[in-house]
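S.K.: Below is a structure I'd like to ask you about.
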Amino acid sequence: MTHYDYIVIGAGSAGCVVANRLTEDSDTTVLLLEAGNPDTKPEIYIPAECISLLGSEVDWGYFSEPEPYLNHRKMLCSRGKVLGGSSSINFMMYVRGNPHDYDRWRSLGNPGWGYQDVLPYFKKSEHQQRDASEFHGVDGELSVTDLMTPAVVSQRFVDACVSMGYNYNPDFNGIQQEGVGPYQLTVKDGKRHSAAAAFLLPILDRPNLTVTTGALVTRLLLEGTRAVGVEYLHKGTLHQVRVNQEVILSAGTFDSPKLLMLSGIGDAKHLQAMGISVTVDLPGVGQNLQDHLLACVVQEATQDVYPAITSNGVEAGLFLHSKDNLESAPDLQFFFGPIQFLSPGYTPADFGFTGTVSLTHPQNIGSVNLRSSNPNDSPTIQMNYLQNQADVQKLVEGMKLIRQLFQSNAFDEFRGKEIAPGSHIQSDAVLETYIRDTCSTVWHPVGTCKMGTDSMAVVDSELRVYGVEGLRVVDASIMPTITTGNTNAPTIMIGEKAADLIKVARTSQSIPNQLNVQNLMHSSI
């Protein structure tokens, strides 16, 4: 049976980084397994085509269970099924989150994860178009750029916000997050720069790296409570491969807990109900699911505002506090773009633009569980969006603010009629109905294998799975709390930090032997 030093499951935002960093040592062998296919679909590389990738053949196409607080709608929970994972189908927005996010992780029993601890890892990955600074790096593999040709109407959104007293902020990843400004994108030469394009494609010729696509991992191989390999399905044949050092699970917020549970690691009662033998009773697996949610105001434009092909369609944004609690991270994030992001039942205009409001820290907590013991079955996903009335009210207030912005003088030359929700919808109660009927995920699921020290934690601060040797989880599922904004950049950071943790662990294994030899030599002299 073939052996590798490390097996990485999932070639997504974190997995590509880990595979790159571990194979920098030519003596370290890595097998990278990806269930999806190579990232050859042309639309992947065209920023303006990003929305067409949702629900396509490069998307797992997961749906939530009927959501009890959204009139029992099932929500599309898109995740990339392709090299690069969700970084190959997302909207390419580079938002790191807020320093408070990481300091909170540290306060929850995770030393080494405060903002000053993780900032160097953000900078390490980054090739920032705007040059190096205290907050940015230029030597990394990931291209972070400004929009090449932003739409004029996107600048009008910025102007409208400034006219209402919000400060202009050219860099949401700099000295402060609050304010209005342009979003930066993970784009290079006008094309999407996914984790695969940045971290994997340049190193495919490394002889110590093996990448296998179309490989659906069915379970982890365990001897007692030690991970010793994986089993995967490839072209209709079941394969087993063993590991010398560690298995790194980077399958994402839905599939990492699914694989743990299929392998007998999870809540004992749930596993027994699925007919799976319990190896480690770890009740937090699949729990603590968090995600961002948004509500939209769509306005007709009186002239062509369509974005350039190099645009992701979301060009400007605003972070703010709904209350005067400036000691915490902003609780609202706004997106603006020269596209019409409409729910079914609404008729688009010839031209239009959209403002959306998103809760950065919604209070709903969901879960991921097994549908069955069959690895081919999708997991059951329950988000519990808008189970808290305070979250609904924040979205209502956010929509009112978007309407105010769209009625400001900055939009006079572009403003047509309101398409959605429509000018006839005014009262808070009717706006709430609209929100529950039409709100959408921002596709930022995190937290189902959370890092921490409490009884529901799944991994420790070095991302090692509790109760299992030789196994780590390295992806967005380890976040104890969701970050303030888009989650791709934080997931890449997690991959960077994890790679260092793994390298240190391997080095420390050999140090005691060297020390023992030295001690023996000294004692014999």
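Each chain of the structure tokens is named A, B, ... in the order shown, its residues numbered from 1; ligands are numbered from 1 in display order.
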Just asking: which residues within region 301-435 of chain A are strand (DSSP E or B) according to DSSP, as a PyMOL selection string?

M.R.: chain A and resi 301+316-320+332-337+352-359+366-369+380-382+415-420

S.K.: Store the residues picked out above, limited to C-alpha atoms, as a compact mmCIF listing (two decimals), in the first residue's frame.

M.R.:
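Result saved to result_11.txt:
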```txt
# COMPACT_ATOMS: atom_id res chain seq x y z
CA ALA A 301 -31.06 52.33 -13.69
CA ALA A 316 -18.19 48.90 -3.20
CA GLY A 317 -19.18 48.38 0.39
CA LEU A 318 -19.85 49.84 3.80
CA PHE A 319 -19.14 48.53 7.29
CA LEU A 320 -20.90 50.17 10.20
CA LEU A 332 -23.54 45.39 9.44
CA GLN A 333 -21.82 44.95 6.08
CA PHE A 334 -23.23 46.41 2.86
CA PHE A 335 -22.50 45.36 -0.69
CA PHE A 336 -23.16 47.46 -3.78
CA GLY A 337 -22.89 46.54 -7.43
CA GLY A 352 -30.18 48.16 -12.60
CA PHE A 353 -28.08 48.16 -9.46
CA THR A 354 -28.34 46.43 -6.09
CA GLY A 355 -27.59 47.33 -2.51
CA THR A 356 -27.55 44.56 0.06
CA VAL A 357 -27.24 44.50 3.83
CA SER A 358 -25.67 41.59 5.69
CA LEU A 359 -25.44 40.75 9.38
CA GLY A 366 -27.24 25.71 12.85
CA SER A 367 -25.89 22.22 12.39
CA VAL A 368 -24.61 19.67 9.90
CA ASN A 369 -25.51 16.01 10.32
CA THR A 380 -28.32 17.50 6.22
CA ILE A 381 -27.79 21.23 6.70
CA GLN A 382 -29.95 23.31 9.01
CA ARG A 415 -32.21 56.34 -10.45
CA GLY A 416 -35.29 54.71 -11.91
CA LYS A 417 -38.04 52.94 -10.00
CA GLU A 418 -37.40 50.51 -7.16
CA ILE A 419 -37.73 46.97 -8.48
CA ALA A 420 -37.43 45.09 -5.17
```

S.K.: Could you give me, as a list in words, the residues within 6 Å of region 129-142 of chain A, counting only C-alpha atoms and dropping anything in the same chain fewer than 6 positions from it?

M.R.: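 Final neighbour list, sorted by chain and number: Lys123, Gly174 and Ala198 of chain A.
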
S.K.: With distances taken over only C-alpha atoms, which residue among A:Gln389, A:Gln116, A:Asn20, A:Ser477 lies nearest Val459 (chain A)?

M.R.: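 Answer, going by the shortest atom-to-atom distance: A:Ser477.
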
S.K.: Can you pull out every residue within 9 Å of Gly190 (chain A), counting only C-alpha atoms, but drop anything in the same chain fewer than 4 positions away, and send it as a PDB file with C-alpha atoms, in the first residue's frame?

M.R.:
```pdb
ATOM      1  CA  TYR A  45     -11.558  32.704 -14.675  1.00  0.00           C
ATOM      2  CA  ILE A  46     -13.969  35.421 -15.831  1.00  0.00           C
ATOM      3  CA  PRO A  47     -14.908  37.541 -12.803  1.00  0.00           C
ATOM      4  CA  LEU A 147     -11.018  46.733  -9.671  1.00  0.00           C
ATOM      5  CA  MET A 148      -9.625  47.467 -13.106  1.00  0.00           C
ATOM      6  CA  ILE A 309     -16.000  41.589 -17.594  1.00  0.00           C
ATOM      7  CA  THR A 310     -13.212  42.001 -15.011  1.00  0.00           C
ATOM      8  CA  SER A 311     -15.741  42.937 -12.317  1.00  0.00           C
TER       9      SER A 311
END
```

S.K.: Figure out the distance between CA of Ile502 (chain A) and CA of Val18 (chain A), please, to one decimal in Å.

M.R.: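 CA of Ile502 (chain A) lies 9.2 Å from CA of Val18 (chain A).
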
S.K.: Just the number, please: distance in Å from CA of Leu233 (chain A) to CA of Val211 (chain A), one decimal.

M.R.: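 Separating CA of Leu233 (chain A) from CA of Val211 (chain A) is a distance of 14.4 Å.
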
S.K.: Gly165 (chain A): which residues within 12 Å, counting only C-alpha atoms, same-chain residues fewer than 3 positions away excluded, as a ChimeraX atom specification?

M.R.: /A:158-162,168,179-180,320,405

S.K.: Nearest residue to Cys439 (chain A) out of A:Val504, A:Val473, A:Met75, A:Met93, using only C-alpha atoms?

M.R.: A:Met75

S.K.: With only C-alpha atoms as the counted atoms, please give the residues lying no more than 9 Å from region 262-266 of chain A, apart from itself and same-chain residues fewer than 2 positions off, as an MDAnalysis selection string.

M.R.: chainID A and resid 218:222 257:260 268:271 276:286 370 372:375 458 467:468

S.K.: Using N, CA and C atoms, can you export the residues from the last selection as a CSV table (one decimal), in the first residue's frame?

M.R.:
```csv
chain,number,residue,atom,x,y,z
A,218,THR,N,-14.2,8.5,1.4
A,218,THR,CA,-15.3,7.9,2.0
A,218,THR,C,-15.2,7.7,3.5
A,219,ARG,N,-14.0,7.6,4.0
A,219,ARG,CA,-13.8,7.5,5.4
A,219,ARG,C,-12.3,7.7,5.7
A,220,LEU,N,-12.0,8.0,7.0
A,220,LEU,CA,-10.6,8.0,7.5
A,220,LEU,C,-10.3,6.6,8.0
A,221,LEU,N,-9.1,6.2,7.8
A,221,LEU,CA,-8.7,4.9,8.3
A,221,LEU,C,-8.1,5.1,9.7
A,222,LEU,N,-8.6,4.4,10.7
A,222,LEU,CA,-8.2,4.5,12.0
A,222,LEU,C,-7.7,3.2,12.6
A,257,PRO,N,-17.0,17.9,8.8
A,257,PRO,CA,-17.8,17.1,9.8
A,257,PRO,C,-18.4,15.9,9.3
A,258,LYS,N,-18.9,15.9,8.1
A,258,LYS,CA,-19.4,14.7,7.5
A,258,LYS,C,-18.4,13.5,7.5
A,259,LEU,N,-17.2,13.8,7.1
A,259,LEU,CA,-16.2,12.8,7.0
A,259,LEU,C,-15.8,12.3,8.4
A,260,LEU,N,-15.7,13.2,9.4
A,260,LEU,CA,-15.5,12.8,10.7
A,260,LEU,C,-16.5,11.8,11.2
A,268,ALA,N,-22.2,10.5,19.8
A,268,ALA,CA,-22.4,9.1,19.8
A,268,ALA,C,-23.8,8.7,19.4
A,269,LYS,N,-24.8,9.4,20.0
A,269,LYS,CA,-26.2,9.1,19.7
A,269,LYS,C,-26.5,9.2,18.2
A,270,HIS,N,-26.0,10.3,17.6
A,270,HIS,CA,-26.3,10.5,16.1
A,270,HIS,C,-25.6,9.3,15.3
A,271,LEU,N,-24.3,9.0,15.7
A,271,LEU,CA,-23.6,8.0,14.9
A,271,LEU,C,-24.3,6.7,15.1
A,276,ILE,N,-23.4,3.7,12.6
A,276,ILE,CA,-21.9,3.8,12.6
A,276,ILE,C,-21.3,3.5,13.9
A,277,SER,N,-20.3,2.7,14.0
A,277,SER,CA,-19.6,2.4,15.2
A,277,SER,C,-18.9,3.6,15.7
A,278,VAL,N,-19.0,3.9,17.0
A,278,VAL,CA,-18.4,5.1,17.6
A,278,VAL,C,-17.0,4.8,18.0
A,279,THR,N,-16.1,5.6,17.4
A,279,THR,CA,-14.7,5.6,17.8
A,279,THR,C,-14.3,6.6,18.8
A,280,VAL,N,-14.8,7.9,18.6
A,280,VAL,CA,-14.6,8.9,19.5
A,280,VAL,C,-15.9,9.7,19.7
A,281,ASP,N,-16.5,9.8,20.9
A,281,ASP,CA,-17.7,10.5,21.1
A,281,ASP,C,-17.3,12.0,21.3
A,282,LEU,N,-17.6,12.7,20.2
A,282,LEU,CA,-17.2,14.2,20.1
A,282,LEU,C,-18.4,15.0,19.7
A,283,PRO,N,-19.2,15.4,20.7
A,283,PRO,CA,-20.6,15.9,20.4
A,283,PRO,C,-20.6,17.2,19.6
A,284,GLY,N,-19.5,17.9,19.6
A,284,GLY,CA,-19.5,19.2,18.8
A,284,GLY,C,-19.3,19.1,17.3
A,285,VAL,N,-19.0,17.9,16.8
A,285,VAL,CA,-18.8,17.7,15.4
A,285,VAL,C,-20.2,18.0,14.6
A,286,GLY,N,-20.1,19.0,13.7
A,286,GLY,CA,-21.3,19.4,13.0
A,286,GLY,C,-22.1,20.4,13.6
A,370,LEU,N,-25.4,13.8,9.4
A,370,LEU,CA,-25.4,12.8,8.3
A,370,LEU,C,-26.8,12.6,7.9
A,372,SER,N,-27.3,9.8,6.0
A,372,SER,CA,-27.2,8.3,6.1
A,372,SER,C,-25.7,8.0,6.3
A,373,SER,N,-25.4,6.7,6.3
A,373,SER,CA,-24.0,6.2,6.4
A,373,SER,C,-23.4,6.1,5.0
A,374,ASN,N,-24.1,6.5,4.0
A,374,ASN,CA,-23.6,6.4,2.6
A,374,ASN,C,-22.8,7.6,2.3
A,375,PRO,N,-21.5,7.5,2.0
A,375,PRO,CA,-20.7,8.7,1.7
A,375,PRO,C,-21.1,9.5,0.5
A,458,VAL,N,-14.1,20.8,18.8
A,458,VAL,CA,-13.7,19.7,18.1
A,458,VAL,C,-12.2,19.6,17.9
A,467,GLY,N,-9.1,13.6,20.9
A,467,GLY,CA,-9.3,12.2,21.0
A,467,GLY,C,-8.7,11.4,19.9
A,468,VAL,N,-8.1,12.0,18.9
A,468,VAL,CA,-7.6,11.3,17.7
A,468,VAL,C,-6.2,11.8,17.5
```

S.K.: Near region 443-457 of chain A, within 6 Å and counting only C-alpha atoms, which residues show up once chain neighbours fewer than 6 positions away are dropped, as a VMD selection string?

M.R.: chain A and resid 109 to 110 253 284 to 292 476 to 480 487

S.K.: When you count only C-alpha atoms, which of these residues is closest to Met399 (chain A): A:Val297, A:Thr483, A:Ser461, A:Glu315?

M.R.: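 Closest to Met399 (chain A), using only C-alpha atoms: A:Val297.
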
S.K.: To one decimal place in Å, what is the distance between CA of Pro99 (chain A) and CA of Leu386 (chain A)?

M.R.: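 These atoms are spaced 25.8 Å apart.
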
S.K.: Give me the residues within 7 Å of Thr23 (chain A) as an mmCIF file with N, CA and C atoms, in the first residue's frame, counting only C-alpha atoms and dropping any in the same chain fewer than 4 places off.

M.R.:
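In the end it all went to selection.cif:
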```
data_model
loop_
_atom_site.group_PDB
_atom_site.id
_atom_site.type_symbol
_atom_site.label_atom_id
_atom_site.label_comp_id
_atom_site.auth_asym_id
_atom_site.auth_seq_id
_atom_site.Cartn_x
_atom_site.Cartn_y
_atom_site.Cartn_z
ATOM 1 N N ALA A 19 -0.857 22.159 1.147
ATOM 2 C CA ALA A 19 -0.093 21.315 0.230
ATOM 3 C C ALA A 19 1.140 22.041 -0.293
ATOM 4 N N THR A 28 9.472 15.858 2.078
ATOM 5 C CA THR A 28 8.123 15.639 2.593
ATOM 6 C C THR A 28 7.177 15.316 1.449
ATOM 7 N N THR A 29 6.534 14.152 1.514
ATOM 8 C CA THR A 29 5.611 13.753 0.452
ATOM 9 C C THR A 29 4.173 14.036 0.875
ATOM 10 N N VAL A 30 3.390 14.550 -0.071
ATOM 11 C CA VAL A 30 2.006 14.946 0.196
ATOM 12 C C VAL A 30 1.103 14.413 -0.906
ATOM 13 N N ASN A 208 7.417 15.616 -5.038
ATOM 14 C CA ASN A 208 6.915 15.135 -3.750
ATOM 15 C C ASN A 208 5.444 15.470 -3.525
ATOM 16 N N LEU A 209 4.780 16.026 -4.558
ATOM 17 C CA LEU A 209 3.354 16.349 -4.477
ATOM 18 C C LEU A 209 2.575 15.514 -5.478
#
```

S.K.: For each of A:Gly214, A:Ile482, A:Ile175, A:Tyr166, take the minimum atom-to-atom distance to Leu401 (chain A), counting only C-alpha atoms, then give the residue where this is smallest.

M.R.: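 Looking at the shortest contact to Leu401 (chain A), the residue is A:Tyr166.
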
S.K.: So which one's closest to Asp460 (chain A), A:Leu108, A:Leu70, A:Ala429, A:Met274? Using only C-alpha atoms, please.

M.R.: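 The closest residue to Asp460 (chain A) is A:Leu108.
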
S.K.: With distances taken over only C-alpha atoms, which residue among A:Asn488, A:Ser440, A:Thr481, A:Asn37 lies nearest Arg73 (chain A)?

M.R.: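 Among A:Asn488, A:Ser440, A:Thr481, A:Asn37, it is A:Ser440 that comes nearest to Arg73 (chain A).
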
S.K.: I need the residues of region 235-467 of chain A that end up classed as helix (DSSP H, G or I) by DSSP on the backbone, written out as a PyMOL selection string.

M.R.: chain A and resi 252-262+268-273+389-406+409-411+428-438

S.K.: So that I have them on file, write out the residues from the current selection with N, CA and C atoms, as a short mmCIF file (atom, residue, chain, number, x, y, z; two decimals), in the first residue's frame.

M.R.:
```
data_model
loop_
_atom_site.label_atom_id
_atom_site.label_comp_id
_atom_site.auth_asym_id
_atom_site.auth_seq_id
_atom_site.Cartn_x
_atom_site.Cartn_y
_atom_site.Cartn_z
N GLY A 252 -13.96 21.39 4.15
CA GLY A 252 -14.91 22.48 4.26
C GLY A 252 -15.94 22.29 5.36
N THR A 253 -16.72 23.33 5.58
CA THR A 253 -17.63 23.40 6.72
C THR A 253 -18.73 22.34 6.68
N PHE A 254 -19.11 21.88 5.49
CA PHE A 254 -20.12 20.84 5.41
C PHE A 254 -19.49 19.44 5.37
N ASP A 255 -18.41 19.29 4.62
CA ASP A 255 -17.87 17.95 4.39
C ASP A 255 -16.81 17.50 5.40
N SER A 256 -16.14 18.42 6.08
CA SER A 256 -15.21 17.98 7.12
C SER A 256 -15.95 17.29 8.27
N PRO A 257 -17.03 17.89 8.82
CA PRO A 257 -17.77 17.14 9.84
C PRO A 257 -18.41 15.87 9.31
N LYS A 258 -18.86 15.90 8.06
CA LYS A 258 -19.44 14.69 7.46
C LYS A 258 -18.43 13.55 7.46
N LEU A 259 -17.20 13.84 7.07
CA LEU A 259 -16.18 12.79 7.02
C LEU A 259 -15.80 12.30 8.41
N LEU A 260 -15.72 13.21 9.37
CA LEU A 260 -15.46 12.79 10.74
C LEU A 260 -16.54 11.82 11.21
N MET A 261 -17.81 12.18 10.96
CA MET A 261 -18.91 11.34 11.41
C MET A 261 -18.93 10.00 10.69
N LEU A 262 -18.67 9.99 9.39
CA LEU A 262 -18.61 8.73 8.66
C LEU A 262 -17.52 7.82 9.20
N ALA A 268 -22.16 10.51 19.75
CA ALA A 268 -22.38 9.06 19.81
C ALA A 268 -23.81 8.69 19.45
N LYS A 269 -24.78 9.44 19.95
CA LYS A 269 -26.18 9.10 19.69
C LYS A 269 -26.51 9.22 18.21
N HIS A 270 -26.01 10.27 17.57
CA HIS A 270 -26.26 10.45 16.14
C HIS A 270 -25.59 9.35 15.33
N LEU A 271 -24.34 9.03 15.66
CA LEU A 271 -23.63 7.99 14.93
C LEU A 271 -24.34 6.65 15.07
N GLN A 272 -24.77 6.32 16.26
CA GLN A 272 -25.48 5.05 16.48
C GLN A 272 -26.78 5.01 15.70
N ALA A 273 -27.47 6.15 15.62
CA ALA A 273 -28.71 6.21 14.85
C ALA A 273 -28.46 6.00 13.36
N GLN A 389 -35.34 37.62 16.49
CA GLN A 389 -36.06 38.79 15.97
C GLN A 389 -35.16 40.03 15.89
N ALA A 390 -34.17 40.13 16.77
CA ALA A 390 -33.26 41.28 16.73
C ALA A 390 -32.48 41.31 15.41
N ASP A 391 -32.15 40.14 14.87
CA ASP A 391 -31.46 40.08 13.58
C ASP A 391 -32.36 40.60 12.47
N VAL A 392 -33.63 40.24 12.52
CA VAL A 392 -34.58 40.71 11.51
C VAL A 392 -34.66 42.23 11.53
N GLN A 393 -34.73 42.80 12.71
CA GLN A 393 -34.86 44.25 12.82
C GLN A 393 -33.63 44.97 12.28
N LYS A 394 -32.46 44.38 12.50
CA LYS A 394 -31.24 44.99 11.94
C LYS A 394 -31.29 45.01 10.41
N LEU A 395 -31.78 43.94 9.81
CA LEU A 395 -31.89 43.89 8.35
C LEU A 395 -32.91 44.91 7.85
N VAL A 396 -34.01 45.06 8.57
CA VAL A 396 -35.02 46.06 8.20
C VAL A 396 -34.40 47.45 8.22
N GLU A 397 -33.66 47.76 9.27
CA GLU A 397 -33.02 49.08 9.36
C GLU A 397 -31.97 49.26 8.27
N GLY A 398 -31.25 48.19 7.95
CA GLY A 398 -30.27 48.25 6.88
C GLY A 398 -30.90 48.52 5.53
N MET A 399 -32.05 47.90 5.26
CA MET A 399 -32.75 48.16 4.00
C MET A 399 -33.23 49.60 3.93
N LYS A 400 -33.69 50.13 5.04
CA LYS A 400 -34.11 51.54 5.06
C LYS A 400 -32.95 52.47 4.73
N LEU A 401 -31.76 52.12 5.23
CA LEU A 401 -30.58 52.94 4.94
C LEU A 401 -30.23 52.87 3.46
N ILE A 402 -30.31 51.68 2.86
CA ILE A 402 -30.03 51.56 1.42
C ILE A 402 -30.99 52.44 0.63
N ARG A 403 -32.26 52.41 1.00
CA ARG A 403 -33.23 53.25 0.31
C ARG A 403 -32.88 54.74 0.43
N GLN A 404 -32.45 55.15 1.61
CA GLN A 404 -32.03 56.54 1.79
C GLN A 404 -30.85 56.88 0.88
N LEU A 405 -29.89 55.97 0.81
CA LEU A 405 -28.72 56.20 -0.04
C LEU A 405 -29.13 56.32 -1.50
N PHE A 406 -30.03 55.44 -1.93
CA PHE A 406 -30.45 55.45 -3.33
C PHE A 406 -31.27 56.70 -3.68
N ASN A 409 -28.77 62.64 -3.67
CA ASN A 409 -28.46 63.35 -4.93
C ASN A 409 -27.43 62.60 -5.78
N ALA A 410 -26.59 61.81 -5.14
CA ALA A 410 -25.54 61.11 -5.88
C ALA A 410 -26.10 60.19 -6.96
N PHE A 411 -27.33 59.71 -6.78
CA PHE A 411 -27.91 58.76 -7.74
C PHE A 411 -28.91 59.42 -8.69
N ASP A 428 -42.48 48.22 8.62
CA ASP A 428 -41.51 47.23 9.12
C ASP A 428 -42.05 45.81 8.99
N ALA A 429 -43.34 45.64 9.25
CA ALA A 429 -43.92 44.30 9.21
C ALA A 429 -43.87 43.72 7.80
N VAL A 430 -44.17 44.56 6.80
CA VAL A 430 -44.16 44.07 5.42
C VAL A 430 -42.73 43.88 4.93
N LEU A 431 -41.81 44.74 5.38
CA LEU A 431 -40.40 44.54 5.05
C LEU A 431 -39.88 43.24 5.64
N GLU A 432 -40.33 42.92 6.86
CA GLU A 432 -39.91 41.66 7.46
C GLU A 432 -40.40 40.47 6.63
N THR A 433 -41.63 40.54 6.15
CA THR A 433 -42.14 39.47 5.29
C THR A 433 -41.30 39.33 4.03
N TYR A 434 -40.97 40.47 3.41
CA TYR A 434 -40.11 40.45 2.21
C TYR A 434 -38.77 39.81 2.52
N ILE A 435 -38.18 40.16 3.65
CA ILE A 435 -36.87 39.62 4.01
C ILE A 435 -36.96 38.11 4.20
N ARG A 436 -37.94 37.65 4.92
CA ARG A 436 -38.06 36.20 5.16
C ARG A 436 -38.35 35.44 3.87
N ASP A 437 -39.01 36.10 2.92
CA ASP A 437 -39.35 35.45 1.65
C ASP A 437 -38.20 35.45 0.65
N THR A 438 -37.27 36.41 0.77
CA THR A 438 -36.29 36.60 -0.31
C THR A 438 -34.84 36.61 0.13
#
```
